[in-house]
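The file query.cif contains mmCIF, C-alpha atoms and all ligand atoms:
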```cif
data_upload
loop_
_atom_site.label_atom_id
_atom_site.label_comp_id
_atom_site.auth_asym_id
_atom_site.auth_seq_id
_atom_site.Cartn_x
_atom_site.Cartn_y
_atom_site.Cartn_z
CA MET O 1 26.05 21.13 36.51
CA ILE O 2 26.81 24.55 35.04
CA ASN O 3 30.35 24.37 36.36
CA LYS O 4 30.74 20.93 34.79
CA LEU O 5 29.42 22.14 31.48
CA ILE O 6 31.74 25.12 31.49
CA ALA O 7 34.68 22.90 32.35
CA SER O 8 33.90 20.39 29.61
CA VAL O 9 33.82 23.04 26.92
CA LEU O 10 36.81 24.99 28.24
CA PRO O 11 39.39 22.84 26.42
CA TYR O 12 37.86 24.12 23.18
CA PHE O 13 38.28 27.74 24.23
CA PRO O 14 41.27 29.69 22.99
CA LYS O 15 44.48 28.97 24.87
CA LYS O 16 44.74 32.64 25.75
CA PHE O 17 41.47 32.42 27.67
CA ILE O 18 42.56 29.43 29.77
CA TRP O 19 45.83 31.22 30.40
CA LEU O 20 43.87 33.95 32.23
CA PHE O 21 43.07 31.35 34.92
CA SER O 22 46.40 29.60 34.87
CA LYS O 23 48.90 32.43 34.76
CA SER O 24 48.75 33.11 38.50
CA TYR O 25 50.01 29.59 39.21
CA ILE O 26 52.36 28.81 36.32
CA SER O 27 55.31 31.02 35.48
CA GLY O 28 55.04 30.53 31.71
CA GLU O 29 56.05 28.23 28.87
CA THR O 30 59.76 28.82 28.60
CA ILE O 31 62.93 28.71 30.67
CA ASP O 32 63.07 32.50 30.25
CA ASP O 33 59.68 32.80 31.96
CA ALA O 34 60.89 30.66 34.86
CA MET O 35 64.09 32.74 35.11
CA ARG O 36 62.16 36.03 35.09
CA VAL O 37 59.81 34.89 37.88
CA SER O 38 62.69 33.37 39.85
CA HIS O 39 64.72 36.58 39.63
CA GLU O 40 61.71 38.53 40.87
CA PHE O 41 61.44 36.29 43.95
CA ASN O 42 65.20 36.33 44.51
CA SER O 43 65.21 40.13 44.44
CA ARG O 44 62.83 39.99 47.46
CA GLY O 45 65.06 37.52 49.33
CA ILE O 46 62.90 34.50 48.42
CA LYS O 47 64.44 31.29 47.06
CA VAL O 48 62.82 29.11 44.39
CA THR O 49 62.55 25.50 43.36
CA ILE O 50 61.89 25.17 39.63
CA ASP O 51 59.78 22.39 38.12
CA VAL O 52 59.36 21.54 34.43
CA LEU O 53 55.76 20.62 33.68
CA GLY O 54 55.83 17.44 31.64
CA GLU O 55 53.02 15.52 30.01
CA PHE O 56 52.13 12.07 31.25
CA ILE O 57 54.81 10.13 29.37
CA ARG O 58 54.03 7.31 26.98
CA ASP O 59 57.51 6.04 26.15
CA LEU O 60 61.15 6.25 27.14
CA ASN O 61 61.98 8.72 24.37
CA GLU O 62 59.93 11.26 26.30
CA ALA O 63 61.80 10.34 29.49
CA GLN O 64 65.08 11.02 27.67
CA ARG O 65 63.79 14.39 26.45
CA ASN O 66 62.66 15.33 29.96
CA LYS O 67 66.11 14.48 31.30
CA GLU O 68 67.76 16.69 28.68
CA GLU O 69 65.38 19.50 29.52
CA TYR O 70 66.32 19.36 33.21
CA ILE O 71 70.06 19.29 32.45
CA ASN O 72 69.60 22.32 30.24
CA LEU O 73 67.52 24.05 32.93
CA ILE O 74 70.18 23.48 35.59
CA ASP O 75 72.85 24.95 33.30
CA PHE O 76 70.69 27.92 32.43
CA ALA O 77 69.66 28.71 36.00
CA HIS O 78 73.28 28.41 37.18
CA LYS O 79 74.49 30.81 34.48
CA SER O 80 71.62 33.19 35.32
CA GLY O 81 72.67 33.23 38.98
CA ILE O 82 69.32 31.99 40.31
CA ASP O 83 69.15 31.36 44.05
CA GLY O 84 67.22 28.13 43.85
CA ASN O 85 67.11 24.42 43.29
CA PHE O 86 64.98 22.02 41.24
CA SER O 87 62.03 19.70 41.82
CA LEU O 88 61.15 16.73 39.65
CA LYS O 89 58.63 13.91 39.39
CA PRO O 90 60.10 10.44 38.78
CA THR O 91 57.20 9.33 36.54
CA SER O 92 58.37 11.95 34.00
CA PHE O 93 61.58 9.91 33.67
CA GLY O 94 59.90 6.53 33.20
CA LEU O 95 59.38 5.28 36.78
CA LEU O 96 56.28 3.35 35.71
CA ILE O 97 57.87 2.03 32.51
CA ASP O 98 61.41 1.03 33.45
CA ARG O 99 62.70 1.77 36.99
CA GLU O 100 66.37 1.38 36.07
CA VAL O 101 66.15 3.75 33.13
CA CYS O 102 64.35 6.23 35.41
CA TYR O 103 67.04 5.83 38.08
CA ASN O 104 69.81 6.49 35.56
CA HIS O 105 68.12 9.62 34.18
CA ILE O 106 67.56 11.08 37.64
CA ARG O 107 71.06 10.06 38.68
CA GLU O 108 72.45 12.11 35.78
CA ILE O 109 70.35 15.11 36.83
CA VAL O 110 71.44 14.84 40.48
CA ALA O 111 75.08 14.46 39.39
CA LYS O 112 74.73 17.63 37.33
CA ALA O 113 73.24 19.49 40.31
CA ALA O 114 75.93 18.11 42.64
CA SER O 115 78.67 19.32 40.27
CA ILE O 116 77.58 22.92 40.96
CA ASN O 117 76.67 22.35 44.65
CA ASN O 118 72.98 22.44 43.88
CA PHE O 119 70.12 20.21 44.90
CA ILE O 120 67.29 18.12 43.46
CA ARG O 121 64.04 17.54 45.34
CA ILE O 122 62.16 14.37 44.39
CA ASP O 123 58.44 15.22 44.52
CA MET O 124 56.26 12.49 45.99
CA GLU O 125 53.56 11.18 43.64
CA ASP O 126 50.58 8.91 44.33
CA SER O 127 50.73 5.81 46.52
CA PRO O 128 51.74 3.21 43.86
CA CYS O 129 54.96 5.26 43.57
CA THR O 130 55.75 5.72 47.29
CA ASP O 131 58.03 2.71 47.83
CA MET O 132 59.79 3.22 44.51
CA GLU O 133 60.41 6.92 45.22
CA ILE O 134 61.75 6.25 48.72
CA ASP O 135 64.04 3.61 47.24
CA LEU O 136 65.21 6.04 44.55
CA TYR O 137 66.00 8.60 47.23
CA ARG O 138 67.97 6.10 49.33
CA ARG O 139 70.09 5.05 46.36
CA LEU O 140 70.79 8.58 45.21
CA LYS O 141 71.51 9.85 48.74
CA ALA O 142 74.14 7.13 49.17
CA GLU O 143 76.02 8.54 46.18
CA PHE O 144 75.15 12.26 46.45
CA PRO O 145 74.63 12.78 50.19
CA ARG O 146 73.87 16.52 50.13
CA SER O 147 72.39 17.00 46.67
CA VAL O 148 69.09 15.17 46.85
CA GLY O 149 65.98 15.29 49.03
CA LEU O 150 62.55 13.70 49.18
CA VAL O 151 58.97 14.78 49.86
CA LEU O 152 56.87 13.23 52.63
CA GLN O 153 53.07 13.31 52.67
CA ALA O 154 51.50 13.74 56.13
CA TYR O 155 48.16 12.27 54.98
CA LEU O 156 49.59 8.75 54.48
CA HIS O 157 49.25 6.39 57.46
CA ARG O 158 52.71 5.01 56.70
CA THR O 159 54.65 8.27 56.84
CA LYS O 160 55.74 8.16 60.50
CA ALA O 161 57.09 4.62 59.99
CA ASP O 162 58.85 5.74 56.80
CA ILE O 163 60.52 8.58 58.70
CA GLU O 164 61.65 6.22 61.45
CA LYS O 165 63.20 3.84 58.91
CA LEU O 166 64.89 6.67 57.04
CA LEU O 167 66.32 8.08 60.29
CA GLU O 168 68.61 5.02 60.28
CA VAL O 169 70.51 6.62 57.38
CA HIS O 170 70.63 10.11 58.92
CA THR O 171 74.30 10.85 59.56
CA PRO O 172 76.29 14.11 59.84
CA GLU O 173 78.03 13.30 56.51
CA ALA O 174 74.79 12.30 54.76
CA PRO O 175 71.91 14.14 56.45
CA LEU O 176 68.30 13.55 55.50
CA ASN O 177 66.52 16.43 53.78
CA PHE O 178 62.73 16.42 53.42
CA ARG O 179 59.88 18.56 52.26
CA LEU O 180 56.83 17.86 54.40
CA CYS O 181 53.44 18.48 52.74
CA LYS O 182 49.89 17.29 53.36
CA GLY O 183 49.69 15.33 50.08
CA ILE O 184 47.60 16.20 47.06
CA TYR O 185 46.41 12.90 45.56
CA ASN O 186 43.02 11.34 46.16
CA GLU O 187 44.15 8.31 48.19
CA PRO O 188 41.75 5.74 49.71
CA ALA O 189 40.78 5.98 53.40
CA SER O 190 42.44 2.59 53.97
CA ILE O 191 45.89 4.19 53.58
CA ALA O 192 45.36 7.92 54.14
CA TRP O 193 43.78 10.28 56.63
CA LYS O 194 40.99 12.19 54.95
CA LYS O 195 39.82 14.71 57.54
CA TYR O 196 41.41 18.15 57.84
CA ASP O 197 42.04 17.81 61.61
CA GLU O 198 43.55 14.34 61.30
CA ILE O 199 45.87 15.40 58.49
CA ASN O 200 46.97 18.53 60.38
CA SER O 201 47.61 16.65 63.59
CA HIS O 202 49.78 14.08 61.79
CA TYR O 203 51.55 16.86 59.90
CA LEU O 204 52.60 18.46 63.19
CA ASP O 205 53.57 15.08 64.71
CA ASP O 206 55.79 14.33 61.72
CA LEU O 207 57.27 17.81 61.81
CA GLU O 208 58.03 17.47 65.53
CA LEU O 209 59.71 14.10 64.95
CA LEU O 210 61.89 15.56 62.19
CA LEU O 211 62.85 18.79 63.95
CA GLY O 212 63.51 16.90 67.19
CA LYS O 213 65.93 14.61 65.29
CA LYS O 214 67.67 17.59 63.67
CA VAL O 215 66.54 16.80 60.13
CA TYR O 216 66.37 19.65 57.60
CA VAL O 217 62.70 20.25 56.70
CA GLY O 218 61.00 22.26 53.98
CA ILE O 219 57.70 23.11 55.69
CA ALA O 220 55.43 23.15 52.62
CA THR O 221 52.00 24.52 53.43
CA HIS O 222 49.71 27.53 53.01
CA ASP O 223 47.67 26.55 56.04
CA LYS O 224 47.93 29.22 58.78
CA PRO O 225 47.30 26.84 61.74
CA LEU O 226 50.12 24.58 60.49
CA ILE O 227 52.44 27.53 60.05
CA ASP O 228 51.65 28.70 63.60
CA GLY O 229 52.23 25.13 64.82
CA ALA O 230 55.58 25.08 62.99
CA TYR O 231 56.63 28.36 64.65
CA LYS O 232 55.94 26.78 68.07
CA LEU O 233 57.98 23.67 67.25
CA ILE O 234 60.86 25.74 65.90
CA GLU O 235 60.90 27.62 69.20
CA LYS O 236 60.44 24.48 71.33
CA TYR O 237 63.43 22.72 69.73
CA ASN O 238 65.40 25.95 69.29
CA VAL O 239 65.85 25.05 65.61
CA PRO O 240 68.48 27.23 63.92
CA ARG O 241 67.32 29.19 60.85
CA ASN O 242 69.59 27.15 58.56
CA MET O 243 67.83 23.88 59.49
CA TYR O 244 64.40 24.55 58.01
CA GLU O 245 62.60 26.62 55.41
CA PHE O 246 59.00 27.38 54.55
CA GLN O 247 57.78 26.49 51.07
CA MET O 248 54.75 27.63 49.08
CA LEU O 249 53.42 27.26 45.57
CA TYR O 250 53.75 30.11 43.09
CA GLY O 251 50.67 32.33 43.23
CA VAL O 252 49.14 30.93 46.43
CA THR O 253 48.57 32.96 49.66
CA PRO O 254 51.07 35.76 48.91
CA LYS O 255 50.15 37.75 52.05
CA LEU O 256 50.86 34.81 54.34
CA ARG O 257 54.09 34.19 52.41
CA ASP O 258 55.21 37.80 52.92
CA SER O 259 54.41 37.72 56.62
CA ILE O 260 56.65 34.63 57.03
CA VAL O 261 59.45 36.31 55.07
CA SER O 262 59.13 39.52 57.09
CA GLN O 263 59.84 37.53 60.28
CA GLY O 264 63.19 36.45 58.82
CA HIS O 265 62.38 32.80 57.98
CA THR O 266 63.72 31.30 54.74
CA MET O 267 60.99 30.97 52.11
CA ARG O 268 61.16 28.94 48.89
CA ILE O 269 58.57 29.18 46.13
CA TYR O 270 57.74 26.29 43.81
CA VAL O 271 57.92 27.75 40.30
CA PRO O 272 56.50 25.49 37.56
CA PHE O 273 56.88 26.24 33.87
CA GLY O 274 56.56 24.41 30.58
CA LYS O 275 54.88 24.08 27.22
CA GLU O 276 52.56 21.43 28.61
CA TRP O 277 50.66 23.81 30.91
CA PHE O 278 47.61 23.91 28.62
CA GLY O 279 47.10 20.14 28.49
CA TYR O 280 47.50 19.96 32.24
CA CYS O 281 45.10 22.76 33.03
CA THR O 282 42.34 21.82 30.63
CA ARG O 283 42.41 18.16 31.62
CA ARG O 284 42.09 19.10 35.28
CA LEU O 285 39.38 21.66 34.61
CA LYS O 286 37.40 19.00 32.81
CA GLU O 287 37.71 16.59 35.72
CA ASN O 288 36.82 19.13 38.35
CA PRO O 289 35.66 22.63 37.61
CA ARG O 290 37.05 24.23 40.80
CA MET O 291 39.60 26.06 38.77
CA ALA O 292 42.29 27.48 40.95
CA SER O 293 42.86 24.43 43.09
CA ASP O 294 42.70 22.14 40.10
CA ILE O 295 45.30 24.06 38.26
CA ILE O 296 47.54 23.66 41.27
CA LYS O 297 46.71 19.98 41.35
CA ALA O 298 47.62 19.82 37.69
CA ILE O 299 51.16 20.58 38.67
CA PHE O 300 51.34 17.44 40.79
CA VAL O 301 48.82 14.91 39.53
CA LYS O 302 49.54 13.16 36.28
CA GLY O 303 47.61 10.96 33.93
C1 LIG C 401 56.21 23.77 47.77
C2 LIG C 401 55.18 22.68 47.71
C3 LIG C 401 55.50 21.46 47.16
C4 LIG C 401 54.57 20.43 47.14
N1 LIG C 401 54.95 19.19 46.69
C5 LIG C 401 54.07 18.16 46.76
C6 LIG C 401 54.46 16.83 46.41
O1 LIG C 401 55.61 16.56 46.04
N2 LIG C 401 53.53 15.86 46.50
C7 LIG C 401 52.24 16.10 46.93
O2 LIG C 401 51.45 15.15 47.05
N3 LIG C 401 51.84 17.35 47.24
C8 LIG C 401 52.71 18.38 47.16
N4 LIG C 401 52.31 19.64 47.51
C9 LIG C 401 50.87 19.92 47.70
C10 LIG C 401 50.44 19.69 49.15
O3 LIG C 401 50.47 18.31 49.43
C11 LIG C 401 49.01 20.22 49.40
O4 LIG C 401 48.09 19.54 48.62
C12 LIG C 401 48.84 21.70 49.13
O5 LIG C 401 49.95 22.43 49.57
C13 LIG C 401 47.61 22.24 49.89
O6 LIG C 401 47.74 21.99 51.26
P1 LIG C 401 48.02 23.12 52.36
O7 LIG C 401 48.99 22.56 53.33
O8 LIG C 401 48.39 24.39 51.72
O9 LIG C 401 46.66 23.22 53.17
P2 LIG C 401 45.15 23.44 52.71
O10 LIG C 401 44.35 23.19 53.93
O11 LIG C 401 44.83 22.69 51.48
O12 LIG C 401 45.11 24.96 52.36
C14 LIG C 401 45.22 25.97 53.36
C15 LIG C 401 44.80 27.29 52.75
O13 LIG C 401 45.76 27.66 51.77
C16 LIG C 401 45.12 28.23 50.65
N5 LIG C 401 45.34 27.39 49.49
C17 LIG C 401 45.83 26.13 49.49
N6 LIG C 401 45.92 25.66 48.23
C18 LIG C 401 45.44 26.66 47.43
C19 LIG C 401 45.24 26.80 46.03
N7 LIG C 401 45.53 25.80 45.22
N8 LIG C 401 44.76 27.95 45.54
C20 LIG C 401 44.45 28.98 46.38
N9 LIG C 401 44.59 28.91 47.72
C21 LIG C 401 45.07 27.76 48.23
C22 LIG C 401 43.66 28.35 50.99
O14 LIG C 401 43.45 29.61 51.59
C23 LIG C 401 43.48 27.25 52.01
O15 LIG C 401 42.40 27.47 52.87
C24 LIG C 401 53.24 20.67 47.61
C25 LIG C 401 52.92 21.90 48.17
C26 LIG C 401 53.86 22.89 48.26
C27 LIG C 401 53.51 24.18 48.92
#
```
For this file, write the structure as structure tokens.
Amino acid sequence: MINKLIASVLPYFPKKFIWLFSKSYISGETIDDAMRVSHEFNSRGIKVTIDVLGEFIRDLNEAQRNKEEYINLIDFAHKSGIDGNFSLKPTSFGLLIDREVCYNHIREIVAKAASINNFIRIDMEDSPCTDMEIDLYRRLKAEFPRSVGLVLQAYLHRTKADIEKLLEVHTPEAPLNFRLCKGIYNEPASIAWKKYDEINSHYLDDLELLLGKKVYVGIATHDKPLIDGAYKLIEKYNVPRNMYEFQMLYGVTPKLRDSIVSQGHTMRIYVPFGKEWFGYCTRRLKENPRMASDIIKAIFVKG
């Protein structure tokens, strides 16, 4: 009750106060903040993937603005010499308003990334978006075979079948490229595993399927048992270092992150930034007072 009360009044607290809780997980408001944090990681041999925090969009003008912001970000990061790529959420470009407009915006962003040999990761959102986001990935991959990748969520019952279907378009010229995560949205038990052990066991099954088929995987987790399981699979399939990477969120489990890096594995950190951090954080705090994890959720869960 007390937590709830605190959370409901927090949006009325000064922004600076909320920032105290958020700053460990969000690099800042501006591109300069994202560049500063990215350079810090790069100087320690860690790659980044940069995400612009956008508000839940109401119209296609906002989708257009989000597109322009990403194009600008790609230019800026390239000129700053950042060792990193970019992550985006299709709903920020109008996926739920007009799929074709969304496709064209993301196509422009991927084309921009491809023109400088960079890469765009399509984050996976909640289940009403799954089919549309897989479809978006297939279309973009056909045109930009090495400049776009998708996220898979191990908690969804459908994921193994999705991988098997996508393996049909895995060729040496146009290889699949996935980030595998547990999944962050609150999905119903009819379509998603809910228990920790079930999710972990499917995560490792999916990872084994992908590594066994020589698919590049971003192993996105802070969960030590999964990381240990990944090490075993990497050894079992003798996976070369350039065929996988570990991925973590900015500010989460830094010791575990450093231990992975010290063993010579590639590590990529998800670096979110944007003016909309306050709206995100306060809305999430109001919904659920468990601050740290909600602020992380705020990065992924919209609306
Ligand atoms: C790089 C990256 C990209 C992602 N992209 C997506 C995406 O596109 N779509 C999607 O649905 N989900 C995405 N996620 C979120 C993911 O699905 C999980 O919800 C999240 O990573 C937590 O799961 P976990 O594997 O770390 O395991 P958990 O079992 O949740 O956590 C393991 C341990 O890690 C630590 N930890 C985990 N999260 C936090 C936190 N927030 N604060 C402090 N400690 C924490 C705790 O010590 C915890 O015990 C992404 C995650 C990462 C790392």
- Task: Find the residues near region 131-145 of chain O: any atom within 10 Å, counting all atoms listed in the file, skip ones fewer than 6 places away on the same chain, and give them as a PyMOL selection string.
- Result: chain O and resi 89-91+95-96+99-100+102-104+106-107+110-111+113-114+119+121-125+151-152+162+166+169-177
- Message: Any residue with an atom at most 7 Å from ligand LIG 401 (chain C) counts, using only C-alpha atoms and all ligand atoms. Which are they? Put them as a ChimeraX atom specification.
- Response: /O:123-126,151,153,181-185,220-224,247-249,252-253,269-270,292-294,296,300
- Pick from O:Val37, O:Asn118, O:Asp59, O:Thr159: nearest to Asp75 (chain O), with all atoms listed in the file counted? O:Asn118
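Straight-line separation from CA of Lys160 (chain O) to CA of Asp206 (chain O): 6.3 Å.
For the atom pair formed by CA of Tyr70 (chain O) and CA of Tyr25 (chain O), the distance is 20.2 Å, given to one decimal.
Considering only C-alpha atoms, the residue among O:Ile18, O:Leu211, O:Leu204, O:Ile50 positioned nearest to Thr30 (chain O) is O:Ile50.
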Because the input lacks atoms here, generate all heavy atoms for region 254-265 of chain O and report them as a PDB file, in the coordinates of the input.
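Output (selection-v3.pdb):
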```
ATOM      1  N   PRO O 254      49.896  34.872  48.868  1.00  0.00           N
ATOM      2  CA  PRO O 254      51.070  35.760  48.910  1.00  0.00           C
ATOM      3  C   PRO O 254      51.191  36.566  50.204  1.00  0.00           C
ATOM      4  O   PRO O 254      52.310  36.836  50.643  1.00  0.00           O
ATOM      5  CB  PRO O 254      50.891  36.670  47.685  1.00  0.00           C
ATOM      6  CG  PRO O 254      49.508  36.446  47.207  1.00  0.00           C
ATOM      7  CD  PRO O 254      49.031  35.131  47.705  1.00  0.00           C
ATOM      8  N   LYS O 255      50.055  36.935  50.811  1.00  0.00           N
ATOM      9  CA  LYS O 255      50.150  37.750  52.050  1.00  0.00           C
ATOM     10  C   LYS O 255      50.776  36.942  53.176  1.00  0.00           C
ATOM     11  O   LYS O 255      51.629  37.425  53.910  1.00  0.00           O
ATOM     12  CB  LYS O 255      48.760  38.230  52.473  1.00  0.00           C
ATOM     13  CG  LYS O 255      48.326  39.455  51.730  1.00  0.00           C
ATOM     14  CD  LYS O 255      47.124  40.092  52.401  1.00  0.00           C
ATOM     15  CE  LYS O 255      46.599  41.218  51.530  1.00  0.00           C
ATOM     16  NZ  LYS O 255      45.137  41.317  51.588  1.00  0.00           N
ATOM     17  N   LEU O 256      50.322  35.691  53.295  1.00  0.00           N
ATOM     18  CA  LEU O 256      50.860  34.810  54.340  1.00  0.00           C
ATOM     19  C   LEU O 256      52.358  34.580  54.073  1.00  0.00           C
ATOM     20  O   LEU O 256      53.188  34.597  54.992  1.00  0.00           O
ATOM     21  CB  LEU O 256      50.083  33.489  54.309  1.00  0.00           C
ATOM     22  CG  LEU O 256      50.347  32.474  55.408  1.00  0.00           C
ATOM     23  CD1 LEU O 256      50.195  33.086  56.786  1.00  0.00           C
ATOM     24  CD2 LEU O 256      49.392  31.287  55.257  1.00  0.00           C
ATOM     25  N   ARG O 257      52.676  34.372  52.804  1.00  0.00           N
ATOM     26  CA  ARG O 257      54.090  34.190  52.410  1.00  0.00           C
ATOM     27  C   ARG O 257      54.913  35.388  52.884  1.00  0.00           C
ATOM     28  O   ARG O 257      55.947  35.228  53.535  1.00  0.00           O
ATOM     29  CB  ARG O 257      54.148  34.082  50.878  1.00  0.00           C
ATOM     30  CG  ARG O 257      55.545  33.989  50.321  1.00  0.00           C
ATOM     31  CD  ARG O 257      55.525  34.188  48.825  1.00  0.00           C
ATOM     32  NE  ARG O 257      55.261  35.576  48.469  1.00  0.00           N
ATOM     33  CZ  ARG O 257      54.706  35.987  47.339  1.00  0.00           C
ATOM     34  NH1 ARG O 257      54.336  35.132  46.435  1.00  0.00           N
ATOM     35  NH2 ARG O 257      54.507  37.279  47.110  1.00  0.00           N
ATOM     36  N   ASP O 258      54.428  36.603  52.580  1.00  0.00           N
ATOM     37  CA  ASP O 258      55.210  37.800  52.920  1.00  0.00           C
ATOM     38  C   ASP O 258      55.337  37.970  54.421  1.00  0.00           C
ATOM     39  O   ASP O 258      56.356  38.458  54.911  1.00  0.00           O
ATOM     40  CB  ASP O 258      54.584  39.042  52.269  1.00  0.00           C
ATOM     41  CG  ASP O 258      54.738  38.997  50.748  1.00  0.00           C
ATOM     42  OD1 ASP O 258      55.543  38.179  50.258  1.00  0.00           O
ATOM     43  OD2 ASP O 258      54.049  39.758  50.049  1.00  0.00           O
ATOM     44  N   SER O 259      54.302  37.552  55.160  1.00  0.00           N
ATOM     45  CA  SER O 259      54.410  37.720  56.620  1.00  0.00           C
ATOM     46  C   SER O 259      55.472  36.764  57.182  1.00  0.00           C
ATOM     47  O   SER O 259      56.180  37.096  58.131  1.00  0.00           O
ATOM     48  CB  SER O 259      53.048  37.531  57.310  1.00  0.00           C
ATOM     49  OG  SER O 259      52.843  36.183  57.634  1.00  0.00           O
ATOM     50  N   ILE O 260      55.607  35.578  56.582  1.00  0.00           N
ATOM     51  CA  ILE O 260      56.650  34.630  57.030  1.00  0.00           C
ATOM     52  C   ILE O 260      58.034  35.208  56.715  1.00  0.00           C
ATOM     53  O   ILE O 260      58.940  35.206  57.549  1.00  0.00           O
ATOM     54  CB  ILE O 260      56.450  33.250  56.350  1.00  0.00           C
ATOM     55  CG1 ILE O 260      55.111  32.633  56.788  1.00  0.00           C
ATOM     56  CG2 ILE O 260      57.608  32.302  56.672  1.00  0.00           C
ATOM     57  CD1 ILE O 260      54.725  31.359  56.043  1.00  0.00           C
ATOM     58  N   VAL O 261      58.152  35.743  55.491  1.00  0.00           N
ATOM     59  CA  VAL O 261      59.450  36.310  55.070  1.00  0.00           C
ATOM     60  C   VAL O 261      59.825  37.489  55.971  1.00  0.00           C
ATOM     61  O   VAL O 261      60.975  37.618  56.395  1.00  0.00           O
ATOM     62  CB  VAL O 261      59.373  36.758  53.586  1.00  0.00           C
ATOM     63  CG1 VAL O 261      60.652  37.469  53.157  1.00  0.00           C
ATOM     64  CG2 VAL O 261      59.111  35.554  52.683  1.00  0.00           C
ATOM     65  N   SER O 262      58.824  38.310  56.304  1.00  0.00           N
ATOM     66  CA  SER O 262      59.130  39.520  57.090  1.00  0.00           C
ATOM     67  C   SER O 262      59.621  39.166  58.503  1.00  0.00           C
ATOM     68  O   SER O 262      60.249  39.982  59.160  1.00  0.00           O
ATOM     69  CB  SER O 262      57.916  40.446  57.167  1.00  0.00           C
ATOM     70  OG  SER O 262      56.931  39.824  57.973  1.00  0.00           O
ATOM     71  N   GLN O 263      59.334  37.933  58.949  1.00  0.00           N
ATOM     72  CA  GLN O 263      59.840  37.530  60.280  1.00  0.00           C
ATOM     73  C   GLN O 263      61.226  36.880  60.188  1.00  0.00           C
ATOM     74  O   GLN O 263      61.737  36.335  61.165  1.00  0.00           O
ATOM     75  CB  GLN O 263      58.866  36.537  60.918  1.00  0.00           C
ATOM     76  CG  GLN O 263      57.524  37.190  61.243  1.00  0.00           C
ATOM     77  CD  GLN O 263      56.513  36.168  61.720  1.00  0.00           C
ATOM     78  OE1 GLN O 263      56.727  35.520  62.731  1.00  0.00           O
ATOM     79  NE2 GLN O 263      55.438  36.000  60.984  1.00  0.00           N
ATOM     80  N   GLY O 264      61.801  36.893  58.971  1.00  0.00           N
ATOM     81  CA  GLY O 264      63.190  36.450  58.820  1.00  0.00           C
ATOM     82  C   GLY O 264      63.358  34.961  58.542  1.00  0.00           C
ATOM     83  O   GLY O 264      64.487  34.462  58.542  1.00  0.00           O
ATOM     84  N   HIS O 265      62.251  34.230  58.304  1.00  0.00           N
ATOM     85  CA  HIS O 265      62.380  32.800  57.980  1.00  0.00           C
ATOM     86  C   HIS O 265      62.723  32.658  56.484  1.00  0.00           C
ATOM     87  O   HIS O 265      62.306  33.479  55.665  1.00  0.00           O
ATOM     88  CB  HIS O 265      61.068  32.061  58.238  1.00  0.00           C
ATOM     89  CG  HIS O 265      60.576  32.192  59.647  1.00  0.00           C
ATOM     90  ND1 HIS O 265      61.139  31.499  60.698  1.00  0.00           N
ATOM     91  CD2 HIS O 265      59.593  32.955  60.184  1.00  0.00           C
ATOM     92  CE1 HIS O 265      60.509  31.820  61.817  1.00  0.00           C
ATOM     93  NE2 HIS O 265      59.566  32.703  61.539  1.00  0.00           N
TER      94      HIS O 265
END
```
